[in-house]
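These notes concern the structure reproduced below.
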Amino acid sequence: MVMSGTPGSFARSVLTDRHPVLLRQVADGHPYPPDVRRALDALAEETAAPAAADATDGPSMGPLPTGAAFPDRELWERWGVAHYVGRKSWYDVPFLWAENWFYRRLLAAVGWFGPGPWQGVDPFAPVKRAELAGAEVAAELAALDGLDALAPGERDQALLRAALWGNRADLGFRLTADAGTTPDSAASAVLADDSPALWRHLAAAPPGTAAVHLIADNAGRELIPDLILLDHLLNTGRAATAVLHVKPYPYFVSDATTADVLECVRRIGRAPGRAGETGVRLREALGDGRLAIRTHPFFCAPLPYAAMPGDLRAELGGATVTLLKGDLNYRRLVGDRWWPPTSGFAAATAYFPGPLAALRTLKSDVVVGLDAATVAGLDADSRTTGTSWRTSGTYAVVQTRT
Ligand SMILES: O=P(O)(O)OC[C@@]1(O)O[C@H](CO)[C@@H](O)[C@@H]1O
């Protein structure tokens, strides 16, 4: 199990380096009143790094307020709140637990669940909005015009790759990315690429039957290529229906919510050329139900997908394929554990209720399904550069179990 406070680990650095920066960014993002600012400061203090770099003690994880501000209490109780909250230090719990409770507490601090005037105001909206208005998004949408020049197979692959590398545009990752950790495009590589198997699997579905589910990760520059990929699958008949699973509330900085889906569809539709046409089709597909949005609460659980509840299991079990986007979904898919990187992907995901494909850039320590020679080469490179190949965002995987 990856723990939150292991000395020198990536997980610990998320708590000690990334979370304080994020709390400051949230406080600066909206003109929050003094009580919200005090609550954010209190969360920063409670979660601050222990004085010694190898210590895992410190204040225990604090509770949420009672009553209306904690409408999801029952769920969190089911997810294990009694084991950790009020009992364990932030640095002495599973990494997944620490991160998820942190984001849930952050939402409480800013009044997301209300009641009150800040109810439903996304604390991450300012950064999400800035990204959507940026030049990168405009350029990526304009690049769609070039797709006409490609052969159909190349077009498929270009759109899949866009969705894959879109995962690099994670606003949480960029909170602490610096010159030493900014992904180097020239060195980027897909370390395991099962995309041919994914395309074969989709082609094998009887015409007009395929249901493609996509468990989304980040909004903005990741969600746009995800939506474009889903439109492409619908438009070319490889999917009869598509289901987009997003978070029920703002989470992990830039994770997509329903509001973000609508913003992205609007942004795509406002673009000239092919992108604009895609935006029109996406609106139609949402309107006629070929593209559905789901917001299952389990997507905000501090647990691996092996623990998914029966209703979600049944829904994903009916998918022709489920595409899982991003790093956090990958951690939850294989279990947040120190797997040897050469462990089998199929074995780690055998419990999953249907065919699946993980599209993920590597931004945390967990990985499976790599060959030994690749791992040896990457380890040697990391020793030379001092930057871990597992967390730099330089590498990616497309792994399937069909
Ligand atoms: O899931 P994503 O957006 O690809 O990545 C999220 C991430 O960068 O943020 C978390 C740390 O804050 C980790 O789970 C992971 O490394």
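By order in the structure tokens, chains are A, B, ...; within a chain, residues start at 1; ligands start at 1, following the order shown.
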
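The residues sitting within 7 Å of ligand 1, with only C-alpha atoms and all ligand atoms considered, come out as Val14, Arg18, Asn167, Arg168, Asp170, Gly172, Phe173, Asp217, Asn218, Phe252, Asp255, Gly326, Asp327, Leu328, Asn329, Arg360, Thr361, Lys363, Ser364 and Thr391 of chain A.
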
For C-alpha atoms, I'd like the residues from the last selection saved as a PDB file, in the first residue's frame.
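Output contents, as saved in out_13.pdb:
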ATOM      1  CA  VAL A  14       2.201  15.850  -2.474  1.00  0.00           C
ATOM      2  CA  ARG A  18       1.643  20.469  -3.404  1.00  0.00           C
ATOM      3  CA  ASN A 167      -3.625  13.766 -19.287  1.00  0.00           C
ATOM      4  CA  ARG A 168      -0.356  15.611 -18.919  1.00  0.00           C
ATOM      5  CA  ASP A 170      -3.195  18.240 -15.077  1.00  0.00           C
ATOM      6  CA  GLY A 172      -2.446  19.692  -9.831  1.00  0.00           C
ATOM      7  CA  PHE A 173       0.697  18.339 -11.425  1.00  0.00           C
ATOM      8  CA  ASP A 217      -9.881  12.789 -15.226  1.00  0.00           C
ATOM      9  CA  ASN A 218      -9.046  16.469 -15.694  1.00  0.00           C
ATOM     10  CA  PHE A 252      -8.068  16.967  -7.264  1.00  0.00           C
ATOM     11  CA  ASP A 255     -10.951  16.970 -12.177  1.00  0.00           C
ATOM     12  CA  GLY A 326      -5.196   9.566 -15.974  1.00  0.00           C
ATOM     13  CA  ASP A 327      -2.975   8.885 -13.069  1.00  0.00           C
ATOM     14  CA  LEU A 328      -5.391   8.790 -10.161  1.00  0.00           C
ATOM     15  CA  ASN A 329      -7.800   6.493 -12.022  1.00  0.00           C
ATOM     16  CA  ARG A 360      -2.384   7.430 -18.477  1.00  0.00           C
ATOM     17  CA  THR A 361       0.713   9.581 -18.275  1.00  0.00           C
ATOM     18  CA  LYS A 363       2.752  11.040 -12.528  1.00  0.00           C
ATOM     19  CA  SER A 364       2.976   8.816  -9.456  1.00  0.00           C
ATOM     20  CA  THR A 391       6.457  10.749 -11.601  1.00  0.00           C
TER      21      THR A 391
END

Write out as a ChimeraX atom specification the set of residues from range 130-262 of chain A that DSSP, computed on the backbone, places in helix (DSSP H, G or I).
/A:130-132,135-149,152-166,173-176,185-187,195-204,223-235,258-262

Nearest residue to Arg281 in chain A out of A:Ala138, A:Val93, A:Ile228, A:Val253, using only C-alpha atoms?
A:Ile228

Write out as a list in words the residues lying within 12 Å of Pro126 in chain A, counting only C-alpha atoms and excluding same-chain residues fewer than 6 positions away.
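Listed by chain and then number, they are Gln25, Val26, Ala27, Asp28, Gly29, His30, Pro31, Leu132, Ala133, Leu171, Gly220, Val253 and Ser254 of chain A.
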
Every residue of range 46-287 of chain A that DSSP places in strand (DSSP E or B), as an MDAnalysis selection string
chainID A and resid 60 89 94 189:193 211:215 218 241:245 255

Could you list, as JSON, numbers by chain, every residue within 12 Å of Trp112 in chain A, counting only C-alpha atoms and ignoring same-chain residues fewer than 6 positions away?
{"A": [32, 36, 68, 69, 70, 71, 103, 104, 105, 106, 118, 119, 120, 121, 122, 123, 124, 248, 249, 250, 251]}

Selected residues, N, CA and C atoms, written as a JSON list (two decimals), in the first residue's frame, please.
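Ended up saving to selection_39.json:
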[["chain", "number", "residue", "atom", "x", "y", "z"],
["A", 32, "TYR", "N", -12.86, 35.29, -1.24],
["A", 32, "TYR", "CA", -13.55, 34.62, -0.14],
["A", 32, "TYR", "C", -13.59, 35.51, 1.09],
["A", 36, "VAL", "N", -13.97, 31.88, 5.49],
["A", 36, "VAL", "CA", -13.45, 30.87, 4.56],
["A", 36, "VAL", "C", -11.91, 30.89, 4.59],
["A", 68, "ALA", "N", -25.97, 19.73, 7.64],
["A", 68, "ALA", "CA", -26.17, 19.96, 6.20],
["A", 68, "ALA", "C", -24.85, 20.07, 5.44],
["A", 69, "ALA", "N", -23.78, 20.54, 6.13],
["A", 69, "ALA", "CA", -22.51, 20.70, 5.45],
["A", 69, "ALA", "C", -21.82, 19.36, 5.18],
["A", 70, "PHE", "N", -22.38, 18.27, 5.68],
["A", 70, "PHE", "CA", -21.79, 16.95, 5.46],
["A", 70, "PHE", "C", -22.86, 15.99, 4.93],
["A", 71, "PRO", "N", -23.44, 16.33, 3.76],
["A", 71, "PRO", "CA", -24.55, 15.52, 3.24],
["A", 71, "PRO", "C", -24.12, 14.11, 2.85],
["A", 103, "TYR", "N", -9.14, 16.83, -0.10],
["A", 103, "TYR", "CA", -10.01, 17.56, -1.05],
["A", 103, "TYR", "C", -11.42, 17.72, -0.50],
["A", 104, "ARG", "N", -11.88, 16.70, 0.24],
["A", 104, "ARG", "CA", -13.23, 16.82, 0.82],
["A", 104, "ARG", "C", -13.25, 17.91, 1.88],
["A", 105, "ARG", "N", -12.17, 18.00, 2.67],
["A", 105, "ARG", "CA", -12.09, 19.02, 3.71],
["A", 105, "ARG", "C", -11.96, 20.42, 3.08],
["A", 106, "LEU", "N", -11.22, 20.48, 1.97],
["A", 106, "LEU", "CA", -11.07, 21.76, 1.28],
["A", 106, "LEU", "C", -12.44, 22.27, 0.81],
["A", 118, "TRP", "N", -21.69, 30.57, -0.74],
["A", 118, "TRP", "CA", -20.63, 30.00, -1.55],
["A", 118, "TRP", "C", -20.94, 28.56, -1.97],
["A", 119, "GLN", "N", -22.15, 28.15, -1.69],
["A", 119, "GLN", "CA", -22.55, 26.80, -2.07],
["A", 119, "GLN", "C", -22.45, 26.63, -3.59],
["A", 120, "GLY", "N", -21.79, 25.58, -4.02],
["A", 120, "GLY", "CA", -21.71, 25.29, -5.46],
["A", 120, "GLY", "C", -20.74, 26.15, -6.23],
["A", 121, "VAL", "N", -19.94, 26.98, -5.54],
["A", 121, "VAL", "CA", -18.92, 27.78, -6.25],
["A", 121, "VAL", "C", -17.63, 26.96, -6.29],
["A", 122, "ASP", "N", -17.23, 26.58, -7.49],
["A", 122, "ASP", "CA", -16.06, 25.71, -7.67],
["A", 122, "ASP", "C", -14.79, 26.46, -7.26],
["A", 123, "PRO", "N", -14.08, 25.99, -6.23],
["A", 123, "PRO", "CA", -12.87, 26.71, -5.80],
["A", 123, "PRO", "C", -11.76, 26.68, -6.84],
["A", 124, "PHE", "N", -11.85, 25.74, -7.77],
["A", 124, "PHE", "CA", -10.80, 25.62, -8.78],
["A", 124, "PHE", "C", -11.21, 26.28, -10.10],
["A", 248, "PRO", "N", -18.71, 14.03, -9.09],
["A", 248, "PRO", "CA", -19.92, 14.75, -8.66],
["A", 248, "PRO", "C", -19.63, 16.12, -8.08],
["A", 249, "TYR", "N", -18.38, 16.34, -7.67],
["A", 249, "TYR", "CA", -18.03, 17.68, -7.19],
["A", 249, "TYR", "C", -16.56, 17.98, -7.50],
["A", 250, "PRO", "N", -16.16, 19.25, -7.43],
["A", 250, "PRO", "CA", -14.78, 19.60, -7.80],
["A", 250, "PRO", "C", -13.79, 18.85, -6.91],
["A", 251, "TYR", "N", -12.71, 18.36, -7.50],
["A", 251, "TYR", "CA", -11.82, 17.44, -6.79],
["A", 251, "TYR", "C", -10.46, 17.46, -7.45]]

For a test of reading the model, state the distance in Å between CA of Val280 in chain A and CA of His245 in chain A, rounded to one decimal.
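So the two atoms, CA of Val280 in chain A and CA of His245 in chain A, lie 20.6 Å apart.
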
Identify, on the basis of only C-alpha atoms, every residue whose closest approach to range 43-49 of chain A does not exceed 10 Å; exclude the query and any residue fewer than 3 positions from it along the same chain; express the result as a ChimeraX atom specification.
/A:5,12-13,15-17,19-24,37-40,52-62,89-91,98,102,105-106,109

For the selection just defined, write its residues with C-alpha atoms to a file, as a short mmCIF file (atom, residue, chain, number, x, y, z; two decimals), in the first residue's frame.
data_model
loop_
_atom_site.label_atom_id
_atom_site.label_comp_id
_atom_site.auth_asym_id
_atom_site.auth_seq_id
_atom_site.Cartn_x
_atom_site.Cartn_y
_atom_site.Cartn_z
CA GLY A 5 4.14 9.83 4.86
CA ARG A 12 4.77 12.66 1.01
CA SER A 13 5.81 15.47 -1.35
CA LEU A 15 1.21 16.56 1.12
CA THR A 16 4.22 18.68 2.05
CA ASP A 17 4.72 20.64 -1.20
CA HIS A 19 -1.18 20.88 -0.93
CA PRO A 20 0.10 24.10 0.71
CA VAL A 21 0.56 25.72 -2.72
CA LEU A 22 -2.91 24.64 -3.70
CA LEU A 23 -4.48 26.09 -0.55
CA ARG A 24 -2.83 29.45 -1.30
CA ARG A 37 -9.87 32.19 4.67
CA ARG A 38 -9.58 31.15 8.29
CA ALA A 39 -10.86 27.67 7.45
CA LEU A 40 -8.31 27.32 4.62
CA ALA A 52 11.40 16.08 10.94
CA ALA A 53 11.56 14.89 7.33
CA ASP A 54 11.07 11.27 8.38
CA ALA A 55 8.34 11.82 11.00
CA THR A 56 4.82 10.54 10.42
CA ASP A 57 3.23 12.02 13.52
CA GLY A 58 1.33 15.31 13.79
CA PRO A 59 -2.26 16.44 14.21
CA SER A 60 -4.78 13.74 13.45
CA MET A 61 -7.03 14.13 10.42
CA GLY A 62 -9.78 16.45 11.52
CA SER A 89 -1.98 11.68 11.47
CA TRP A 90 -2.21 12.91 7.87
CA TYR A 91 1.23 11.33 7.39
CA ALA A 98 -5.01 11.44 2.76
CA PHE A 102 -7.88 16.65 1.98
CA ARG A 105 -12.09 19.02 3.71
CA LEU A 106 -11.07 21.76 1.28
CA ALA A 109 -13.67 24.97 4.05
#

List as number ranges by chain the protein and nucleic acid residues near range 229-236 of chain A, meaning an atom at most 7 Å away when only C-alpha atoms are counted, but skip any in the same chain fewer than 5 places from it.
A: 159-160, 241-242, 278, 282

Of the residues A:Ser4, A:Pro65, A:Val81, A:Asp311, which is the one nearest to Pro115 in chain A, using only C-alpha atoms?
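The answer is A:Pro65, which sits nearest to Pro115 in chain A.
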
Ala197 in chain A environment, 12 Å, only C-alpha atoms, sequence neighbours closer than 4 positions dropped, as a list in words:
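My reading of the contact set: Ala192, Asp193, His201, Leu202, Ala203, Ala204, Val321, Pro355, Leu356, Ala357, Val398, Gln399, Thr400, Arg401 and Thr402 of chain A.
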